[in-house]
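S.K.: Please find one structure pasted underneath; my questions will follow.
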Amino acid sequence: MTQRDRTSNASAEAGRGTAGERKLVLPSFRIWNAESPVFVIAVIACVIILLLTGVVVWSTFQLWLPGFASSFSLDNYLAFLSSPFTAKGALNTVIVGTGTVIISLFFAVPMAWLIQRTNIPCKNLSLTLLFLQILLPGFLKAMGWIMLISPKIGMINLWIRNIIPFETGPLNPYNIPTITFLQGMTLTPVTFFLIAGAFMAIDPSFEEAAQVTGASLFQRVRKITLPLLMPAIGAAIMYVFVIAVSMFEIAQLLGTPARIWVFSTLMYDNLNPELGLPRYGAAAVYGVALLLPTLVALYYYQKMLRASYRYATVTGKGYKPKTVDLGPWKWLGMIFIGVYFLLDILIPFLAVLWTSLMPHIRVPSATALASINITAYSSAIRKLLYGGVLLNTMLLMAFVAIGVLVISMAISWIVLRTRLPGRYFLDTVAMLPHALPRISLAFAVLFLGLAFYRIIPFLHGSLIALVIVYIVSFVSFGTRAINGSLIQIHPDLEHAVQVCGATKMVGMRKVVVPLLAPTLFYVLTWTALLSYREVTMALFLQSPRNMVMSTSIWEFWMSGDSSAAAALGVLMVVFMAIVMSVLLHFNPQVKLRGL
């Protein structure tokens with residue numbers, strides 16, 4: 001008898017039985033089970049993301065204020081196309097976005113090569129400073145440089161005019177090159193961490209083969225290393241460009257005094273006009289317009305990915321990255337890295353610190369030292385303690401970090417550990433906030449809060465509004481981080497738990513979560529810190545009830561109290577430094593991977 005016959009007979013015997021023994025076995029189905037909360041969390045989060053995206057688009061067709069009846073209209077688009085600000089704003093937005101990418105690549109690519117592939121000294125110090133760059137938010141750097149080179153009150157300009165009789169200036173930060181330069185330096189660490197790993201993954205045999213043929217170090221880098229890095233550089237260009245075109249605070253501080261507009265500042269100006277009522281529909285059009293350069297960047301990046309096989313260098317053959325000996329040139333590399341940190345961190349922070357100790361901006365001198373006082377710190381501390389700013393900031397950090405962690409874990413688990421129909425759609429929706437500018441997400445929450453104020457009055461101008469928009473904005477970062485780690489954990493580990501009689505949720509709690517602990521801690525930590533320094537979305541939704549440290553600094557600055565703004569900025573940096581020191585003490589492996 002063949003194996004097939006024995007199998008057939010065994011199946012037949014198993015199918016026989018008395019009428020009383022025969023039972024119709026149906027698949028069990030329960031509407032609610034132990035896994036249902038995970039599905040509910042993921043679906044609700046994705047619905048909110050889609051809702052906010054839809055609100056931005058829908059509001060462009062509305063003419064009246066939120067909450068008032070309004071018919072469908074194209075007038076906002078017609079006004080957008082006919083506005084004299086549109087063409088100039090579009091050109092400035094593209095120039096600033098492109099220039100920001102160029103500046104960030106100018107600093108990040110050489111630094112990544114120097115730190116990852118050469119023998120320059122102080123590598124760990126350079127990496128640590130890149131991690132700690134988050135301590136000084138972009139708007140504080142802009143304020144620091146204004147204090148230094150403002151045409152009227154800038155310390156460097158005052159010092160120059162003591163030597164050379166200029167009426168004003170001669171340096172001026174209120175221009176597109178300065179906006180571009182500061183944004184580029186601010187986003188340099190993001191670019192660095194996006195491409196640093198790719199430098200380590202290049203098989204050195206390609207460079208060694210070129211060296212044997214007589215190619216110089218410069219030729220090897222230009223013709224082999226950089227071409228092989230194109231996918232990583234393309235990803236960095238796309239990611240940084242998306243952030244750059246929607247950045248608001250630096251463009252607002254340095255562009256508005258010179259009447260230089262980009263789409264993000266035009267959007268803010270329509271929501272906060274000097275005269276008349278806010279123009280919500282017109283602001284929404286600028287938010288939708290910001291999607292266009294994002295979609296163009298994504299198109300070219302995906303086109304590059306389709307040809308990614310051309311860039312593969314890591315194969316089954318073993319390889320070991322080779323360190324390049326720069327000889328005496330390594331000190332030139334150190335100078336290059338040092339100049340970056342000097343311009344990006346040290347100089348602007350010292351300007352902010354000095355201003356916080358002065359009653360008004362003065363050139364550092366022996367005479368000025370006699371005017372040092374801490375009056376500004378008294379005002380800053382009163383704002384923190386009695387204005388509810390410190391409590392709001394801490395609650396915001398906690399709720400956003402926990403919310404992003406829970407939602408990201410739920411979506412990643414559904415996508416990678418279930419066969420739920422539409423699970424990949426959930427993953428796509430989770431990435432939408434990255435393509436949609438943060439300023440547009442803040443607008444959507446503002447619009448909903450006003451439109452449904454009578455139904456949900458707790459949303460408008462509250463801390464809840466900030467928590468919602470921050471969570472939505474950072475959830476794409478959380479899902480990418482958790483996806484990358486969860487995909488490395490084999491499902492057989494969870495299946496073994498289920499064989500013992502436990503449910504999938506027990507497997508997730510007992511197996512997956514402990515193995516993901518470093519990644520979960522990283523997501524929790526960095527979303528909290530990113531929430532701490534974020535100012536763009538907070539400014540769009542600010543009210544006396546939801547003031548946080550970043551918006552309080554902005555409020556002091558706009559009211560003309562530069563000393564109090566600087567003092568609160570110093571306290572913000574010190575507080576963040578203490579938090580990071582504690583976090584790094586408990587988990588020294590925490591690394592900065594995104595802004």
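The chains in the structure tokens are called A, B, ... from first to last as shown; in each chain the residues are counted from 1, and the ligands are counted from 1 in the order shown.
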List the spatial neighbours of A:Ala112 as a PDB file with N, CA and C atoms, in the first residue's frame - criterion: any atom at most 8 Å away, only C-alpha atoms, same-chain residues fewer than 5 positions off excluded.
M.R.:
```pdb
ATOM      1  N   ARG A 117      34.574  56.800   8.374  1.00  0.00           N
ATOM      2  CA  ARG A 117      35.512  56.100   7.500  1.00  0.00           C
ATOM      3  C   ARG A 117      36.966  56.560   7.634  1.00  0.00           C
ATOM      4  N   PHE A 192      22.936  63.745   8.699  1.00  0.00           N
ATOM      5  CA  PHE A 192      24.078  62.926   9.110  1.00  0.00           C
ATOM      6  C   PHE A 192      23.628  61.516   9.494  1.00  0.00           C
ATOM      7  N   ILE A 195      22.541  59.171   6.631  1.00  0.00           N
ATOM      8  CA  ILE A 195      23.528  58.658   5.677  1.00  0.00           C
ATOM      9  C   ILE A 195      24.727  58.000   6.347  1.00  0.00           C
ATOM     10  N   ALA A 196      24.893  58.181   7.669  1.00  0.00           N
ATOM     11  CA  ALA A 196      26.091  57.662   8.338  1.00  0.00           C
ATOM     12  C   ALA A 196      26.181  56.145   8.230  1.00  0.00           C
ATOM     13  N   PHE A 199      27.576  54.826   4.899  1.00  0.00           N
ATOM     14  CA  PHE A 199      29.029  54.883   4.750  1.00  0.00           C
ATOM     15  C   PHE A 199      29.681  53.615   5.282  1.00  0.00           C
TER      16      PHE A 199
END
```
S.K.: Extract, using only C-alpha atoms, all DNA, RNA and protein residues at most 9 Å from stretch 349-353 of chain A, discarding same-chain residues fewer than 6 positions from it, and format them as a list of chain:residue names.
M.R.: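 The filter keeps A:Leu136, A:Leu140, A:Lys141, A:Met143, A:Gly144, A:Trp145, A:Met147, A:Leu148, A:Met155, A:Ser563, A:Ala565, A:Ala566, A:Ala567, A:Gly569, A:Val570.
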S.K.: Rank A:Ala401, A:Thr418, A:Tyr453, A:Phe556 by their smallest atom-to-atom distance to A:Thr525, using only C-alpha atoms, and report the top residue only.
M.R.: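 Looking only at the distances to A:Thr525, the closest residue turns out to be A:Ala401.
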S.K.: Using only C-alpha atoms, pick whichever of A:Val363, A:Ile335, A:Ile120, A:Leu254 has the shortest atom-to-atom distance to A:Trp159.
M.R.: A:Val363
S.K.: Restricting the calculation to only C-alpha atoms: of A:Ala430, A:Val96, A:Leu91, A:Met558, which residue gets closest to A:Pro257?
M.R.: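 Counting only C-alpha atoms, the residue closest to A:Pro257 is A:Met558.
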S.K.: For A:Leu463, find every residue with an atom within 10 Å (counting only C-alpha atoms), except residues of its own chain fewer than 3 positions away, and show them as a count of residues only.
M.R.: 18
S.K.: Compile the contact shell of A:Asp344 as a PyMOL selection string: residues with an atom at most 8 Å away, counting only C-alpha atoms, same-chain residues fewer than 5 positions apart removed.
M.R.: chain A and resi 141+182+185-186
S.K.: Using the selection just defined, write its residues with N, CA and C atoms as a CSV table (one decimal), in the first residue's frame.
M.R.:
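File produced: out22.csv:
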```csv
chain,number,residue,atom,x,y,z
A,141,LYS,N,18.4,79.5,18.1
A,141,LYS,CA,19.6,79.8,17.3
A,141,LYS,C,19.4,81.1,16.5
A,182,LEU,N,20.8,78.9,8.4
A,182,LEU,CA,20.4,78.5,9.7
A,182,LEU,C,19.6,77.2,9.7
A,185,MET,N,21.9,74.2,8.8
A,185,MET,CA,22.7,73.8,10.0
A,185,MET,C,21.9,73.1,11.0
A,186,THR,N,20.6,73.6,11.2
A,186,THR,CA,19.7,72.9,12.2
A,186,THR,C,19.4,71.5,11.8
```
S.K.: For atom CA of A:Thr180 and atom CA of A:Phe85, determine how far apart the two atoms are, in Å to one decimal place.
M.R.: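 That distance, rounded to one decimal, is 19.5 Å.
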S.K.: Pick out the residues sitting within 6 Å of A:Leu130, and hand them over as a PyMOL selection string; count only C-alpha atoms, and ignore anything fewer than 3 positions along from it in its own chain.
M.R.: chain A and resi 127+133+189
S.K.: Between A:Phe336, A:Phe39, A:Trp331, A:Phe540, which is the closest to A:Asp269 once you count only C-alpha atoms?
M.R.: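 Using only C-alpha atoms, the shortest distance to A:Asp269 belongs to A:Phe540.
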S.K.: What is the atom CA of A:Asn172 to atom CA of A:Gly154 distance in Å?
M.R.: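 So the answer is 8.9 Å.
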S.K.: Would you list the contacts of A:Ile48 as a ChimeraX atom specification, taking every protein, DNA or RNA residue within 12 Å and counting only C-alpha atoms, but skipping same-chain residues closer than 2 positions in sequence?
M.R.: /A:41-46,50-55,407,426,429-430,432-433,441,444-445,448,468-469,471-473,475
S.K.: I need the residue nearest A:Pro151 from this list: A:Ile337, A:Met576, A:Leu171, A:Ile347. Use only C-alpha atoms for the distance.
M.R.: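 Looking only at the distances to A:Pro151, the closest residue turns out to be A:Leu171.
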